[in-house]
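K.L.:
I am sharing start_37.txt, which consists of compact mmCIF, C-alpha atoms and all ligand atoms:
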```txt
# COMPACT_ATOMS: atom_id res chain seq x y z
CA ALA A 272 -61.17 36.00 -47.37
CA PRO A 273 -58.45 33.42 -48.08
CA SER A 274 -55.01 34.87 -48.82
CA ASP A 275 -53.87 35.25 -52.44
CA PRO A 276 -51.93 31.99 -53.11
CA ASP A 277 -49.36 33.79 -55.24
CA LEU A 278 -48.56 36.25 -52.43
CA VAL A 279 -48.42 33.44 -49.89
CA ALA A 280 -45.84 31.62 -52.03
CA ARG A 281 -43.80 34.81 -52.46
CA ALA A 282 -43.80 35.57 -48.73
CA ARG A 283 -42.76 32.01 -47.99
CA ALA A 284 -39.92 32.11 -50.56
CA ALA A 285 -38.57 35.45 -49.34
CA LYS A 286 -38.70 34.31 -45.73
CA GLU A 287 -36.91 31.10 -46.59
CA LYS A 288 -34.21 33.01 -48.45
CA LEU A 289 -33.64 35.26 -45.45
CA GLY A 290 -33.55 32.33 -43.03
CA ASP A 291 -32.32 33.24 -39.53
CA LYS A 292 -31.53 36.78 -40.66
CA VAL A 293 -35.17 37.74 -40.25
CA PHE A 294 -37.54 37.42 -37.33
CA VAL A 295 -41.20 38.30 -37.82
CA LEU A 296 -43.26 39.52 -34.87
CA GLY A 297 -47.06 39.71 -35.11
CA HIS A 298 -49.40 41.52 -32.75
CA HIS A 299 -52.67 39.71 -32.01
CA TYR A 300 -54.67 42.37 -33.90
CA GLN A 301 -52.97 41.59 -37.19
CA ARG A 302 -54.87 40.07 -40.10
CA ASP A 303 -54.87 36.27 -40.52
CA GLU A 304 -53.02 36.64 -43.83
CA VAL A 305 -50.15 38.31 -41.96
CA ILE A 306 -50.27 36.35 -38.71
CA GLN A 307 -49.57 33.11 -40.61
CA PHE A 308 -46.03 34.40 -41.26
CA ALA A 309 -45.26 35.52 -37.71
CA ASP A 310 -42.49 33.62 -35.90
CA VAL A 311 -44.01 34.83 -32.66
CA THR A 312 -47.39 36.38 -31.85
CA GLY A 313 -48.18 38.27 -28.70
CA ASP A 314 -49.53 41.27 -26.85
CA SER A 315 -47.40 44.38 -26.77
CA PHE A 316 -45.51 43.30 -23.63
CA LYS A 317 -44.62 39.86 -24.95
CA LEU A 318 -43.54 41.27 -28.31
CA ALA A 319 -41.26 43.86 -26.68
CA ARG A 320 -39.62 41.10 -24.65
CA ASP A 321 -39.36 38.74 -27.61
CA ALA A 322 -37.82 41.39 -29.87
CA ALA A 323 -35.08 41.90 -27.27
CA ALA A 324 -34.48 38.15 -27.07
CA ARG A 325 -33.43 37.67 -30.72
CA PRO A 326 -29.95 39.18 -30.95
CA GLN A 327 -29.02 36.90 -33.87
CA ALA A 328 -31.66 38.29 -36.22
CA GLU A 329 -30.39 41.13 -38.40
CA TYR A 330 -33.92 42.19 -39.32
CA ILE A 331 -36.94 42.34 -37.05
CA VAL A 332 -40.04 42.72 -39.20
CA PHE A 333 -42.70 44.14 -36.93
CA CYS A 334 -46.27 43.40 -37.94
CA GLY A 335 -48.00 45.80 -35.60
CA VAL A 336 -48.04 49.58 -35.21
CA HIS A 337 -45.37 52.28 -35.13
CA PHE A 338 -44.92 52.61 -31.34
CA MET A 339 -44.35 48.86 -31.07
CA ALA A 340 -41.66 48.97 -33.76
CA GLU A 341 -40.01 51.93 -31.99
CA SER A 342 -39.98 50.01 -28.72
CA ALA A 343 -38.42 47.03 -30.48
CA ASP A 344 -35.72 49.30 -31.91
CA ILE A 345 -35.01 50.75 -28.47
CA LEU A 346 -34.69 47.31 -26.91
CA THR A 347 -32.55 45.72 -29.63
CA SER A 348 -28.91 46.30 -30.49
CA ASP A 349 -27.76 49.00 -32.92
CA GLU A 350 -26.86 46.35 -35.51
CA GLN A 351 -30.40 45.03 -35.60
CA LYS A 352 -32.81 46.77 -37.93
CA VAL A 353 -36.50 47.01 -37.18
CA VAL A 354 -38.81 47.19 -40.19
CA LEU A 355 -42.47 48.25 -40.21
CA PRO A 356 -44.05 46.98 -43.47
CA ASP A 357 -46.27 50.09 -43.79
CA LEU A 358 -45.04 53.35 -42.29
CA ALA A 359 -48.62 54.62 -42.08
CA ALA A 360 -49.44 52.01 -39.42
CA GLY A 361 -49.65 54.41 -36.48
CA CYS A 362 -51.91 54.49 -33.44
CA SER A 363 -54.42 57.28 -32.94
CA MET A 364 -54.09 56.98 -29.17
CA ALA A 365 -50.30 57.36 -29.26
CA ASP A 366 -50.78 60.47 -31.42
CA MET A 367 -52.88 62.06 -28.65
CA ALA A 368 -49.78 62.92 -26.59
CA THR A 369 -47.00 64.89 -28.27
CA ALA A 370 -43.63 65.80 -26.75
CA GLU A 371 -44.56 69.51 -26.70
CA GLN A 372 -47.87 68.89 -24.96
CA VAL A 373 -46.30 66.68 -22.33
CA ALA A 374 -43.50 69.20 -21.66
CA GLU A 375 -46.17 71.87 -21.22
CA CYS A 376 -48.06 69.61 -18.82
CA TRP A 377 -44.92 69.19 -16.73
CA ASP A 378 -44.67 72.98 -16.54
CA VAL A 379 -48.26 73.13 -15.32
CA LEU A 380 -47.50 70.52 -12.64
CA THR A 381 -44.39 72.45 -11.63
CA GLU A 382 -46.37 75.71 -11.39
CA ALA A 383 -48.93 73.99 -9.19
CA GLY A 384 -46.11 72.79 -6.94
CA VAL A 385 -46.85 69.08 -7.45
CA ALA A 386 -44.27 67.98 -10.03
CA GLU A 387 -41.90 66.72 -7.36
CA GLN A 388 -44.48 64.26 -6.07
CA VAL A 389 -45.42 63.03 -9.54
CA VAL A 390 -44.16 59.80 -11.14
CA PRO A 391 -45.03 59.44 -14.82
CA VAL A 392 -46.36 56.07 -15.97
CA SER A 393 -46.75 55.82 -19.72
CA TYR A 394 -48.64 53.18 -21.58
CA MET A 395 -46.63 51.34 -24.19
CA ASN A 396 -49.00 52.93 -26.72
CA SER A 397 -47.01 56.16 -26.90
CA SER A 398 -44.23 57.59 -29.04
CA ALA A 399 -40.55 57.16 -28.18
CA ASP A 400 -40.52 60.86 -27.19
CA ILE A 401 -43.11 60.25 -24.50
CA LYS A 402 -41.21 57.21 -23.29
CA ALA A 403 -38.06 59.34 -23.09
CA PHE A 404 -39.93 62.00 -21.08
CA THR A 405 -41.07 59.22 -18.76
CA GLY A 406 -37.56 57.86 -18.30
CA LYS A 407 -36.13 61.31 -17.72
CA HIS A 408 -38.61 62.02 -14.92
CA GLY A 409 -38.09 58.77 -13.07
CA GLY A 410 -41.11 56.93 -14.45
CA THR A 411 -41.88 53.62 -16.06
CA ILE A 412 -43.71 52.22 -19.07
CA CYS A 413 -46.57 49.79 -18.64
CA THR A 414 -48.69 47.65 -20.89
CA SER A 415 -52.22 46.39 -20.38
CA SER A 416 -50.77 43.23 -18.83
CA ASN A 417 -48.68 44.90 -16.10
CA ALA A 418 -50.40 48.24 -15.43
CA LYS A 419 -51.25 47.27 -11.86
CA ARG A 420 -47.65 46.36 -11.00
CA ALA A 421 -46.45 49.55 -12.67
CA LEU A 422 -48.81 51.66 -10.55
CA GLU A 423 -47.81 49.83 -7.38
CA TRP A 424 -44.18 50.55 -8.19
CA ALA A 425 -44.91 54.20 -9.02
CA PHE A 426 -46.75 54.78 -5.74
CA GLU A 427 -43.69 53.48 -3.91
CA GLN A 428 -41.66 56.21 -5.64
CA GLY A 429 -44.05 59.14 -5.23
CA GLU A 430 -47.48 60.27 -4.14
CA LYS A 431 -49.06 60.96 -7.50
CA VAL A 432 -49.03 59.42 -10.94
CA LEU A 433 -49.28 61.16 -14.29
CA PHE A 434 -50.71 58.45 -16.51
CA LEU A 435 -50.17 58.85 -20.27
CA PRO A 436 -51.87 58.72 -22.74
CA ASP A 437 -54.81 56.34 -22.14
CA GLN A 438 -57.17 57.75 -19.54
CA HIS A 439 -59.22 54.54 -19.56
CA LEU A 440 -56.39 52.13 -18.78
CA GLY A 441 -55.22 54.56 -16.08
CA ARG A 442 -58.65 54.93 -14.50
CA ASN A 443 -59.57 51.25 -14.81
CA THR A 444 -56.34 50.13 -13.19
CA ALA A 445 -56.54 52.71 -10.40
CA VAL A 446 -60.14 51.97 -9.53
CA ARG A 447 -60.51 48.29 -10.36
CA ASP A 448 -57.10 47.00 -9.30
CA MET A 449 -55.78 49.55 -6.80
CA GLY A 450 -58.94 50.34 -4.83
CA MET A 451 -58.87 54.06 -5.58
CA SER A 452 -62.06 56.00 -6.15
CA LEU A 453 -63.11 57.90 -9.24
CA ASP A 454 -62.62 61.07 -7.20
CA ASP A 455 -58.92 60.29 -6.84
CA CYS A 456 -58.60 60.77 -10.62
CA VAL A 457 -58.56 64.00 -12.63
CA VAL A 458 -58.27 64.35 -16.40
CA TYR A 459 -55.64 66.61 -17.92
CA ASN A 460 -56.84 67.99 -21.25
CA PRO A 461 -53.86 69.10 -23.35
CA HIS A 462 -56.11 71.32 -25.46
CA ARG A 463 -57.14 73.54 -22.56
CA PRO A 464 -55.11 76.09 -20.61
CA ASN A 465 -53.51 74.40 -17.57
CA GLY A 466 -55.04 71.14 -18.76
CA GLY A 467 -58.44 72.45 -17.67
CA LEU A 468 -57.47 71.91 -14.02
CA THR A 469 -56.91 74.20 -11.07
CA ALA A 470 -53.83 73.95 -8.86
CA GLU A 471 -56.11 72.70 -6.03
CA GLU A 472 -57.49 69.92 -8.19
CA LEU A 473 -53.95 68.86 -9.09
CA ARG A 474 -52.91 68.92 -5.45
CA ALA A 475 -55.90 66.80 -4.39
CA ALA A 476 -55.56 64.19 -7.16
CA LYS A 477 -53.70 60.88 -6.89
CA MET A 478 -54.04 59.98 -10.55
CA ILE A 479 -53.61 62.64 -13.21
CA LEU A 480 -54.97 61.02 -16.35
CA TRP A 481 -54.00 62.28 -19.78
CA ARG A 482 -57.04 62.83 -21.96
CA GLY A 483 -56.30 60.15 -24.55
CA HIS A 484 -58.25 57.08 -25.58
CA CYS A 485 -58.48 54.33 -28.17
CA SER A 486 -61.20 54.97 -30.71
CA VAL A 487 -61.55 51.25 -31.43
CA HIS A 488 -62.23 50.27 -27.81
CA GLY A 489 -64.18 53.49 -27.26
CA ARG A 490 -66.91 52.04 -29.45
CA PHE A 491 -67.99 49.56 -26.79
CA SER A 492 -70.66 50.93 -24.48
CA LEU A 493 -72.67 49.85 -21.48
CA ASP A 494 -75.50 49.18 -23.95
CA SER A 495 -73.27 46.70 -25.80
CA VAL A 496 -72.80 44.80 -22.53
CA ASN A 497 -76.48 44.90 -21.55
CA ASP A 498 -77.59 43.87 -25.06
CA VAL A 499 -75.31 40.87 -25.23
CA ARG A 500 -76.35 39.68 -21.76
CA GLU A 501 -79.97 39.80 -22.91
CA ARG A 502 -79.25 38.11 -26.25
CA ILE A 503 -77.04 35.34 -24.85
CA PRO A 504 -78.07 34.25 -21.35
CA GLY A 505 -75.11 33.07 -19.27
CA VAL A 506 -72.57 34.86 -21.47
CA ASN A 507 -69.20 35.84 -19.96
CA VAL A 508 -68.20 39.36 -20.90
CA LEU A 509 -64.44 39.76 -21.34
CA VAL A 510 -63.01 43.13 -22.35
CA HIS A 511 -59.70 44.91 -22.88
CA PRO A 512 -58.84 47.56 -20.24
CA GLU A 513 -58.75 50.27 -22.94
CA CYS A 514 -62.57 50.16 -22.81
CA ARG A 515 -64.42 52.91 -20.98
CA HIS A 516 -64.78 52.58 -17.24
CA GLU A 517 -68.50 51.77 -17.25
CA VAL A 518 -67.86 48.95 -19.73
CA VAL A 519 -65.03 47.51 -17.64
CA ALA A 520 -67.12 47.85 -14.47
CA ALA A 521 -69.97 45.88 -16.09
CA ALA A 522 -67.69 43.16 -17.55
CA ASP A 523 -66.92 39.81 -15.90
CA TYR A 524 -63.25 39.73 -16.88
CA VAL A 525 -60.74 42.34 -18.01
CA GLY A 526 -57.31 41.84 -19.53
CA SER A 527 -54.75 42.28 -22.29
CA THR A 528 -54.98 40.49 -25.62
CA GLU A 529 -52.72 37.71 -24.31
CA TYR A 530 -54.94 37.37 -21.21
CA ILE A 531 -58.03 37.12 -23.42
CA ILE A 532 -56.49 34.26 -25.39
CA LYS A 533 -55.42 32.39 -22.24
CA ALA A 534 -58.87 32.83 -20.69
CA LEU A 535 -60.52 31.32 -23.75
CA GLU A 536 -58.02 28.45 -23.88
CA ALA A 537 -58.94 27.62 -20.30
CA ALA A 538 -62.70 28.05 -20.79
CA PRO A 539 -64.84 24.92 -20.57
CA ALA A 540 -66.65 23.50 -23.60
CA GLY A 541 -70.15 24.88 -23.89
CA SER A 542 -69.24 28.25 -22.36
CA LYS A 543 -70.28 31.47 -24.06
CA TRP A 544 -68.17 34.58 -24.40
CA ALA A 545 -68.60 38.14 -25.64
CA ILE A 546 -65.26 39.80 -26.29
CA GLY A 547 -64.64 43.55 -26.28
CA THR A 548 -61.50 44.05 -28.31
CA GLU A 549 -60.33 44.33 -31.91
CA LEU A 550 -62.21 42.25 -34.47
CA ASN A 551 -59.36 40.41 -36.24
CA LEU A 552 -58.47 38.80 -32.93
CA VAL A 553 -62.06 38.04 -31.91
CA ARG A 554 -62.84 36.41 -35.27
CA ARG A 555 -59.69 34.31 -35.13
CA LEU A 556 -60.57 33.14 -31.62
CA ALA A 557 -64.20 32.43 -32.58
CA ASN A 558 -63.01 30.21 -35.45
CA ARG A 559 -60.32 28.54 -33.39
CA PHE A 560 -62.55 27.59 -30.46
CA ALA A 561 -65.81 26.80 -32.31
CA PRO A 562 -64.81 23.12 -32.80
CA GLU A 563 -64.36 22.83 -29.01
CA GLY A 564 -67.93 24.01 -28.52
CA LYS A 565 -67.03 27.44 -27.14
CA GLU A 566 -69.29 30.16 -28.46
CA ILE A 567 -67.42 33.42 -28.96
CA VAL A 568 -69.04 36.60 -30.21
CA PHE A 569 -67.93 40.18 -30.72
CA LEU A 570 -69.21 42.45 -27.97
CA ASP A 571 -70.70 45.06 -30.27
CA LYS A 572 -73.09 44.78 -33.21
CA THR A 573 -71.01 47.05 -35.43
CA VAL A 574 -67.63 45.96 -36.82
CA CYS A 575 -64.60 47.33 -35.08
CA PHE A 576 -61.20 46.80 -36.72
CA CYS A 577 -58.17 48.85 -35.83
CA SER A 578 -57.65 50.56 -39.18
CA THR A 579 -53.96 51.23 -38.60
CA MET A 580 -53.19 47.67 -37.51
CA ASN A 581 -55.00 46.57 -40.68
CA ARG A 582 -52.66 48.62 -42.84
CA ILE A 583 -50.14 45.83 -42.54
CA ASP A 584 -51.53 43.44 -45.13
CA LEU A 585 -50.00 40.60 -47.11
CA PRO A 586 -48.89 42.79 -50.08
CA HIS A 587 -46.96 45.09 -47.68
CA LEU A 588 -45.41 42.15 -45.88
CA VAL A 589 -44.36 40.52 -49.17
CA TRP A 590 -42.84 43.79 -50.34
CA ALA A 591 -40.86 44.21 -47.11
CA LEU A 592 -39.59 40.61 -47.07
CA GLU A 593 -38.67 40.58 -50.76
CA SER A 594 -36.86 43.91 -50.41
CA LEU A 595 -34.84 42.61 -47.46
CA ALA A 596 -34.09 39.37 -49.31
CA GLU A 597 -32.66 41.47 -52.16
CA GLY A 598 -30.52 43.42 -49.72
CA ASN A 599 -32.73 46.53 -49.71
CA LEU A 600 -33.41 47.85 -46.25
CA VAL A 601 -36.87 49.45 -46.44
CA ASN A 602 -39.12 51.14 -43.86
CA ARG A 603 -36.57 51.04 -41.08
CA ILE A 604 -37.77 52.43 -37.76
CA GLU A 605 -34.89 54.06 -35.96
CA VAL A 606 -35.13 56.12 -32.79
CA ASP A 607 -32.42 58.77 -32.35
CA LYS A 608 -29.73 58.06 -29.75
CA GLU A 609 -30.70 60.61 -27.10
CA THR A 610 -34.38 59.72 -27.15
CA GLU A 611 -33.45 56.06 -27.14
CA ALA A 612 -31.29 56.34 -24.02
CA PHE A 613 -34.07 57.84 -21.87
CA ALA A 614 -36.84 55.74 -23.40
CA LYS A 615 -34.79 52.63 -22.73
CA LEU A 616 -34.48 53.58 -19.09
CA ALA A 617 -38.28 53.69 -18.81
CA LEU A 618 -38.74 50.44 -20.74
CA GLU A 619 -36.14 48.66 -18.65
CA ARG A 620 -37.91 49.76 -15.48
CA MET A 621 -40.99 48.05 -16.86
CA LEU A 622 -39.11 44.88 -17.74
CA ALA A 623 -37.70 44.81 -14.19
CA LEU A 624 -41.13 45.10 -12.52
CA PRO A 625 -41.71 42.16 -10.17
P1 LIG B 701 -52.13 44.58 -25.76
O1 LIG B 701 -51.01 45.06 -24.92
O2 LIG B 701 -53.22 43.97 -24.95
O3 LIG B 701 -51.63 43.70 -26.84
O4 LIG B 701 -52.83 45.84 -26.42
C1 LIG B 701 -52.20 46.62 -27.39
C2 LIG B 701 -53.15 47.53 -28.04
O5 LIG B 701 -52.82 48.36 -28.85
C3 LIG B 701 -54.52 47.44 -27.64
O6 LIG B 701 -55.24 48.35 -28.36
FE1 LIG B 702 -53.96 52.11 -31.04
FE2 LIG B 702 -56.45 51.41 -30.39
FE3 LIG B 702 -55.33 50.44 -32.60
FE4 LIG B 702 -54.50 49.63 -30.17
S1 LIG B 702 -56.52 49.28 -31.11
S2 LIG B 702 -53.20 50.20 -31.92
S3 LIG B 702 -54.72 51.56 -29.00
S4 LIG B 702 -55.83 52.61 -32.20
```
Show me this structure written as structure tokens.
P.N.:
Amino acid sequence: APSDPDLVARARAAKEKLGDKVFVLGHHYQRDEVIQFADVTGDSFKLARDAAARPQAEYIVFCGVHFMAESADILTSDEQKVVLPDLAAGCSMADMATAEQVAECWDVLTEAGVAEQVVPVSYMNSSADIKAFTGKHGGTICTSSNAKRALEWAFEQGEKVLFLPDQHLGRNTAVRDMGMSLDDCVVYNPHRPNGGLTAEELRAAKMILWRGHCSVHGRFSLDSVNDVRERIPGVNVLVHPECRHEVVAAADYVGSTEYIIKALEAAPAGSKWAIGTELNLVRRLANRFAPEGKEIVFLDKTVCFCSTMNRIDLPHLVWALESLAEGNLVNRIEVDKETEAFAKLALERMLALP
């Protein structure tokens, strides 16, 4: 639906009033009505880097989800304020690993005598607490665009990796990019005693995968891939690495949201694509590339928005911008100092990856 013209005018006016004081970041999964006001759009890696590269902006308005805003706060100076237009924009995957659960897991690894060999690698999609745990134990953060390099780095530091919280990104990267086998991976279930694993299993494993997942990408199945190949002969299947392993194994290409966009930019006219990621992005790409004769469809037959990403809508953005323009700091995301120090360590290790 087209954006409400009154709200568009209000957002524009508030942004103009704020001038260089505000910088608006938009993740690729954001709605069109919000994305039109982003100064920069990107995947979670690019947005983390871009947030850190704007020291002159007093306010960073983050159109994305909570863990992204936290990471921006960690990477920016204390004077800069990060604002999330709707505080309820969380991430169900990030919520699947709490500080208590991860501390308990470390105890289990210690009991089994493997903790010393373990390097934690945490996906960006995690709370600041989990990032701090990661930094404290010598690990790094990764995103879907650098998971392979993060694992390579981690295996130079130790013999095993504890990968948090997305089991699929961990497994897909280990098997698809690092040549490991499915047997090298075990799944730690925080809801079972000892993670549901024996000490022997922990000792034998190379990858200890946290039992978390994205419910949006979890909707894609092998059937979705087979169906689309039957429906559209010659179709290229391109999916996000948060998809289940069998989906990634059956796909032609796998990559982050930024990778998906680049792949479609480079695709020849007349090519056909089925994309397995969030629907706001797929629709935007389908509309953008249709005039160039590229046919782009959503991988599944059912709709698949990320409901928390969608919480940031134009009314929330207008409210945040107008409040800031009136000198009212609303919805600030601020990570406490101690957490920030360790989380920053882990994030900086990621930014320093080759
Ligand atoms: P990207 O790093 O590919 O932008 O993915 C972020 C995300 O939340 C995917 O669900
Ligand atoms: Fe989290 Fe999945 Fe939404 Fe990404 S798409 S923000 S992983 S729930």
K.L.:
Counting all atoms listed in the file, which residues of chain A sit at most 7 Å from some atom of ligand LIG 702 (chain B), and what is each one's closest atom pair with its distance in Å to one decimal, listed by chain and rising residue number, as CSV?
P.N.:
```
residue,atom,partner,partner_atom,distance
A:Val336,CA,B:LIG702,S2,6.2
A:Cys362,CA,B:LIG702,FE1,4.0
A:Ser363,CA,B:LIG702,S4,4.9
A:Met364,CA,B:LIG702,FE1,5.2
A:Ala365,CA,B:LIG702,FE1,6.6
A:Asn396,CA,B:LIG702,S3,6.3
A:Cys485,CA,B:LIG702,FE2,4.2
A:Ser486,CA,B:LIG702,FE2,5.9
A:Val487,CA,B:LIG702,FE2,5.2
A:His488,CA,B:LIG702,FE2,6.4
A:Glu549,CA,B:LIG702,S1,6.3
A:Cys577,CA,B:LIG702,FE3,4.6
A:Ser578,CA,B:LIG702,FE3,7.0
A:Thr579,CA,B:LIG702,FE3,6.2
A:Met580,CA,B:LIG702,FE3,6.0
```
K.L.:
Name the closest residue to ligand LIG 701 (chain B) among the candidates A:Met339, A:Val373, A:Ala322, A:Leu278; distances are taken between atoms, counting all atoms listed in the file.
P.N.:
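The answer is A:Met339, which sits nearest to ligand LIG 701 (chain B).
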K.L.:
Show which residues sit within 9 Å of A:Val496, as a list of chain:residue names. Count only C-alpha atoms, and ignore same-chain residues fewer than 2 positions away.
P.N.:
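The filter keeps A:Phe491, A:Ser492, A:Leu493, A:Asp494, A:Asp498, A:Val499, A:Arg500, A:Glu501, A:Val508, A:Val518, A:Ala521, A:Ala522, A:Ala545, A:Leu570, A:Asp571.
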K.L.:
Please define a box with edges along x, y and z of the file around all atoms of ligand LIG 701 (chain B) given in the file, extend it by 3 Å on each side, and return its centre and edge lengths in Å to one decimal, as JSON.
P.N.:
```
{"center_x": -53.1, "center_y": 46.0, "center_z": -26.9, "size_x": 10.2, "size_y": 10.7, "size_z": 9.9}
```
K.L.:
Which is closer to A:His462 than all the others in A:Glu371, A:Arg515, A:Val432, A:Ile567, using all atoms listed in the file?
P.N.:
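Using all atoms listed in the file, A:His462 sits closest to A:Glu371.
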K.L.:
Between atom CA of A:Arg482 and atom CA of A:Val390, measure the distance and give it in Å to one decimal.
P.N.:
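Going from atom CA of A:Arg482 over to atom CA of A:Val390, I get 17.1 Å.
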K.L.:
Could I get the residue neighbourhood of ligand LIG 701 (chain B) at 6 Å, counting only C-alpha atoms and all ligand atoms, as a list of chain:residue names?
P.N.:
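Written in the requested form, the residues are A:Asp314, A:Ser315, A:Phe316, A:Thr414, A:Ser415, A:Ser527, A:Thr528.
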